[in-house]
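The structure appears below as structure tokens.
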Amino acid sequence: MTNAGARQLDRCLEIAGALLTLPFLIQTLGTDNYGLWAIVWSIIGLYALIDFGFSGAVVKFLAQTHSSPSNAGQSHCLSTLFWVFVTQMGILLGITLLCLPTLGHWLHPVSTLHAEFRKAMTIVGCGYALQIPLSVFRGVLIAEQRGWIAHLGRGISQALYILAVFLILPFYPQLSTLAWISWITALGPGLVALTWVYFQPRTPLRLQPSLFKWKELRRLGGFSVHLALIQVCLFVATRADTLIIQAFLSLEAVALYAVAARIADQLRSFCIQITHTTTPVIAELDGARDDQSLKKLWLKSTHYTLAFSLPLLGGAFFFAQEILIAWVGQSFAPAAPALQFLLAAVFCSLLFSASQNQLSMRGEESFLSKAMGCGQLANIALSIMVAREWGIVGVAAVTLIVPAFTDILLVQPRVSRLYSISLGRFLREVLEPLLAPVSAGIAVLFLLEYLLKPSTLSEIAFSELVLLTIYGWTYLLRNPQEKRWLRDALRRKDQRSSAFYPQGLARKTASMVKEETKIQ
């Protein structure tokens, strides 16, 4: 419960930070400067590609060696990972100091801002590079079931970042100031993890270069290579659109698209938590070769993810223009159609997120990485083709269409063959119980639009609350078994099983799977 609560607190602070700081940044820096800041982070975000999937190996292999009676395996694993990350840090520092400043001459729309761009790129790039070795210590905490400390460190850093933006940036409204402030979120979580691991050690902190083992590196790399390919696809998906828009349109278009993408990304990261928390359950059932339970877990986790996310995505889709105007101003109203396409893309990704999770945890990483790679290549090609003619709306539409076809034509058939379930049956299983609450929610949205006509953030929040109430009531009324479970969960003294915690939903899914399997 502590780990889940800290994770949700971290997520809420991140969302609050975006809500509070984004309008202030646009007002303080100006639209063009904010568009330039979005380009800076789009480029710096590509730094994650040098990770080669080793960050995903930290928790997995440290957790495995932690159960060993000997500390030798832990020391070799931790030291090897640490020095791999140190090497990556050195490479990124070299790229930042020697190569990135020349990009200012390539970005022709911002020729008058070359000096500010170079300074911001250098500061942000160095901060990102320096935090890479610190990620080992966050992995140590998570492997030791002390992840709440890592999430608490992120939350504290996020709170300090918000304060710094409001207290410092008004006096020095330059990109370089914001770049220095970003060091708080870059280095803060890692420093908190390092401090805690150093003073409260459970895993031996022996990081001598002599403990680096090439054999250990080959073992870690064998797992990481496919994970790296998947990470490449994910980062290209989130960063390429901004660069394509910048190349063919203007900084103002970049700012419009960046705001819409920020809203969609925050909603996706909040709604996908249920899928993420089922990952260890999939690993356990796969180890037991329990395909029947895995099939039920796949269907139920997809259903619960959609049941949780639909009212949030639906409200944001319906009030897209009102949200943009109330949040960042009338000048961002043209981004509403792009935001709606991106929200539809989020829905499709959530619909097939459990399918991707099943493949990645059941030895199908190679196929998944190739499928996602082909999809992203098609996404980039089509985005380039439509950017000049259709603008940010066309790019957002491609972001919806191409990944959806990739999931339908490649990912879903692979999972369907595993469990002998057609796409039509899959959609009926996960969506049919949601038809009644979704219909009620749509009626409520039109009624609220007619009666209230929400135009401020408080009115939009009230409308969303009404929508959630009617949707939730209809869902429980149409699914009495869910109502009984929720009532029993709320009466328990151990609130870790509560529906309000994603991990509780994961436990609930696993328990229902086991009970139904026993009955059959």
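Each chain in the structure tokens gets a letter, A, B, ..., in the order shown, and its residues are numbered from 1; ligands are numbered from 1 in order too.
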
* To do: Please provide as a PyMOL selection string all residues within 8 Å of range 331-347 of chain A, with the sequence filter that same-chain residues fewer than 4 positions apart are discarded (counting only C-alpha atoms).
  => chain A and resi 256-257+260-261+263-265+268+306+310+313+316-317+320-322+324-325+351+392-394+396-397+399-401+403-404

Those residues you just picked out, can you put them in a file as a short mmCIF file (atom, residue, chain, number, x, y, z; two decimals), in the first residue's frame with N, CA, C and O atoms?
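Once written, again_29.cif looks like this:
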data_model
loop_
_atom_site.label_atom_id
_atom_site.label_comp_id
_atom_site.auth_asym_id
_atom_site.auth_seq_id
_atom_site.Cartn_x
_atom_site.Cartn_y
_atom_site.Cartn_z
N LEU A 256 1.34 24.72 -30.08
CA LEU A 256 -0.03 24.22 -30.07
C LEU A 256 -0.05 22.70 -29.90
O LEU A 256 -0.80 22.15 -29.09
N TYR A 257 0.77 22.03 -30.70
CA TYR A 257 0.79 20.56 -30.64
C TYR A 257 1.36 20.07 -29.32
O TYR A 257 0.89 19.06 -28.77
N ALA A 260 -1.37 20.08 -26.61
CA ALA A 260 -2.32 18.98 -26.82
C ALA A 260 -1.69 17.63 -26.47
O ALA A 260 -2.31 16.79 -25.81
N ALA A 261 -0.44 17.43 -26.90
CA ALA A 261 0.24 16.18 -26.59
C ALA A 261 0.49 16.02 -25.10
O ALA A 261 0.43 14.90 -24.58
N ILE A 263 -1.43 17.08 -22.61
CA ILE A 263 -2.68 16.64 -21.99
C ILE A 263 -2.91 15.15 -22.25
O ILE A 263 -3.24 14.39 -21.34
N ALA A 264 -2.75 14.74 -23.51
CA ALA A 264 -2.98 13.33 -23.86
C ALA A 264 -2.00 12.42 -23.14
O ALA A 264 -2.38 11.34 -22.64
N ASP A 265 -0.73 12.80 -23.07
CA ASP A 265 0.27 11.96 -22.42
C ASP A 265 0.00 11.80 -20.92
O ASP A 265 0.17 10.72 -20.35
N ARG A 268 -2.89 9.41 -20.45
CA ARG A 268 -2.49 8.03 -20.73
C ARG A 268 -1.67 7.45 -19.57
O ARG A 268 -1.91 6.32 -19.14
N LEU A 306 -10.06 0.02 -19.40
CA LEU A 306 -11.00 0.84 -20.16
C LEU A 306 -12.11 1.40 -19.28
O LEU A 306 -12.52 2.55 -19.44
N LEU A 310 -12.37 5.48 -19.54
CA LEU A 310 -13.34 6.02 -20.49
C LEU A 310 -13.98 7.34 -20.03
O LEU A 310 -14.09 8.28 -20.84
N LEU A 313 -11.22 10.11 -20.43
CA LEU A 313 -10.94 10.44 -21.83
C LEU A 313 -12.16 11.06 -22.51
O LEU A 313 -12.02 11.99 -23.31
N ALA A 316 -12.59 14.74 -21.46
CA ALA A 316 -11.57 15.57 -22.09
C ALA A 316 -11.82 15.72 -23.58
O ALA A 316 -11.60 16.80 -24.16
N PHE A 317 -12.29 14.66 -24.24
CA PHE A 317 -12.60 14.72 -25.66
C PHE A 317 -13.76 15.69 -25.93
O PHE A 317 -13.70 16.51 -26.84
N ALA A 320 -12.73 19.43 -25.17
CA ALA A 320 -11.34 19.69 -25.56
C ALA A 320 -11.08 21.18 -25.77
O ALA A 320 -10.11 21.73 -25.23
N GLN A 321 -11.93 21.84 -26.53
CA GLN A 321 -11.69 23.26 -26.80
C GLN A 321 -11.85 24.09 -25.54
O GLN A 321 -11.06 25.01 -25.29
N GLU A 322 -12.85 23.78 -24.73
CA GLU A 322 -13.06 24.53 -23.49
C GLU A 322 -11.87 24.38 -22.54
O GLU A 322 -11.46 25.34 -21.87
N LEU A 324 -8.68 23.78 -23.36
CA LEU A 324 -7.54 24.52 -23.88
C LEU A 324 -7.70 26.02 -23.64
O LEU A 324 -6.75 26.71 -23.23
N ILE A 325 -8.89 26.55 -23.89
CA ILE A 325 -9.11 27.99 -23.71
C ILE A 325 -9.01 28.37 -22.25
O ILE A 325 -8.37 29.38 -21.89
N LEU A 351 -6.65 0.18 -25.17
CA LEU A 351 -7.39 -1.01 -25.56
C LEU A 351 -6.46 -2.19 -25.82
O LEU A 351 -6.79 -3.34 -25.49
N ILE A 392 -1.05 20.34 -37.86
CA ILE A 392 -0.97 19.52 -36.65
C ILE A 392 -2.14 18.54 -36.55
O ILE A 392 -2.00 17.48 -35.93
N VAL A 393 -3.26 18.87 -37.16
CA VAL A 393 -4.40 17.94 -37.13
C VAL A 393 -4.07 16.69 -37.93
O VAL A 393 -4.39 15.56 -37.51
N GLY A 394 -3.43 16.85 -39.08
CA GLY A 394 -3.04 15.69 -39.87
C GLY A 394 -2.02 14.82 -39.16
O GLY A 394 -2.12 13.58 -39.18
N ALA A 396 -1.64 14.55 -35.90
CA ALA A 396 -2.35 13.87 -34.81
C ALA A 396 -3.20 12.72 -35.33
O ALA A 396 -3.29 11.65 -34.71
N ALA A 397 -3.83 12.91 -36.51
CA ALA A 397 -4.64 11.84 -37.10
C ALA A 397 -3.78 10.63 -37.46
O ALA A 397 -4.18 9.47 -37.24
N THR A 399 -1.05 9.82 -35.93
CA THR A 399 -0.70 9.21 -34.64
C THR A 399 -1.80 8.28 -34.14
O THR A 399 -1.52 7.32 -33.42
N LEU A 400 -3.04 8.54 -34.52
CA LEU A 400 -4.14 7.63 -34.18
C LEU A 400 -4.19 6.43 -35.11
O LEU A 400 -4.28 5.29 -34.66
N ILE A 401 -4.11 6.67 -36.41
CA ILE A 401 -4.41 5.62 -37.39
C ILE A 401 -3.33 4.55 -37.45
O ILE A 401 -3.62 3.35 -37.39
N PRO A 403 -0.68 3.51 -35.33
CA PRO A 403 -0.57 2.57 -34.22
C PRO A 403 -1.78 1.66 -34.07
O PRO A 403 -1.65 0.49 -33.70
N ALA A 404 -2.99 2.20 -34.37
CA ALA A 404 -4.18 1.37 -34.27
C ALA A 404 -4.13 0.21 -35.26
O ALA A 404 -4.44 -0.94 -34.92
#

* Counting only C-alpha atoms, what is within 12 Å of Ser455 in chain A, bar same-chain residues fewer than 5 positions away, as a VMD selection string? -> chain A and resid 319 to 327 329 to 330 448 to 449 460 to 463

* **Top pick for closest residue to Arg414 in chain A, considering A:Leu445, A:Gly373, A:Gln358, A:Phe52 and counting only C-alpha atoms** =>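 Checking each candidate against Arg414 in chain A, we get A:Gln358 as the closest.
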
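Compared by their closest atoms to Leu297 in chain A, and using only C-alpha atoms, the residues A:Ser349, A:Asn357, A:Thr469, A:Asn379 rank with A:Asn357 nearest.
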
* Gap from CA of Ile91 in chain A to CA of Ala129 in chain A - Å, one decimal ->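 Straight-line distance from CA of Ile91 in chain A to CA of Ala129 in chain A works out to 8.5 Å.
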
* Using only C-alpha atoms, which residues sit within 12 Å of Asp407 in chain A once same-chain residues fewer than 3 positions away are excluded, as a PyMOL selection string? -> chain A and resi 345+348-356+359+368+371-376+400-404+410-416+423

* From A:Glu365, A:Glu216, A:Glu252, A:Asp51, residue lying nearest Gly35 in chain A [only C-alpha atoms] ->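 Of all the options, A:Glu252 lies closest to Gly35 in chain A.
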
* To do: Please indicate the distance in Å from CA of Lys300 in chain A to CA of Ser366 in chain A, rounded to one decimal place.
  =>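 Interatomic distance here is 25.2 Å.
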
* Structure fact -> Min atom-atom distance to Gln266 in chain A from the set A:Ala436, A:Leu191, A:Leu312, A:Ala179, counting only C-alpha atoms, belongs to A:Leu312

* Can you work out which one of A:Glu429, A:Phe171, A:Val328, A:Ile442 has the shortest atom-to-atom distance to Thr456 in chain A, counting only C-alpha atoms? => A:Val328

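Summary of the local environment: counting only C-alpha atoms, residues at most 7 Å from Arg138 in chain A, other than itself and those fewer than 6 positions away along its chain, are Ala150, Gly190 and Ala193 of chain A.
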
* Rounded to one decimal in Å, what is the spacing between CA of Trp196 in chain A and CA of Ser79 in chain A? ->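 One can read the CA of Trp196 in chain A to CA of Ser79 in chain A distance as 18.0 Å.
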
* **Option closest in space to Ile184 in chain A, from A:Arg154, A:Arg11, A:Arg417, A:Arg425 [counting only C-alpha atoms]** =>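 With only C-alpha atoms as the atom set, the closest residue is A:Arg154.
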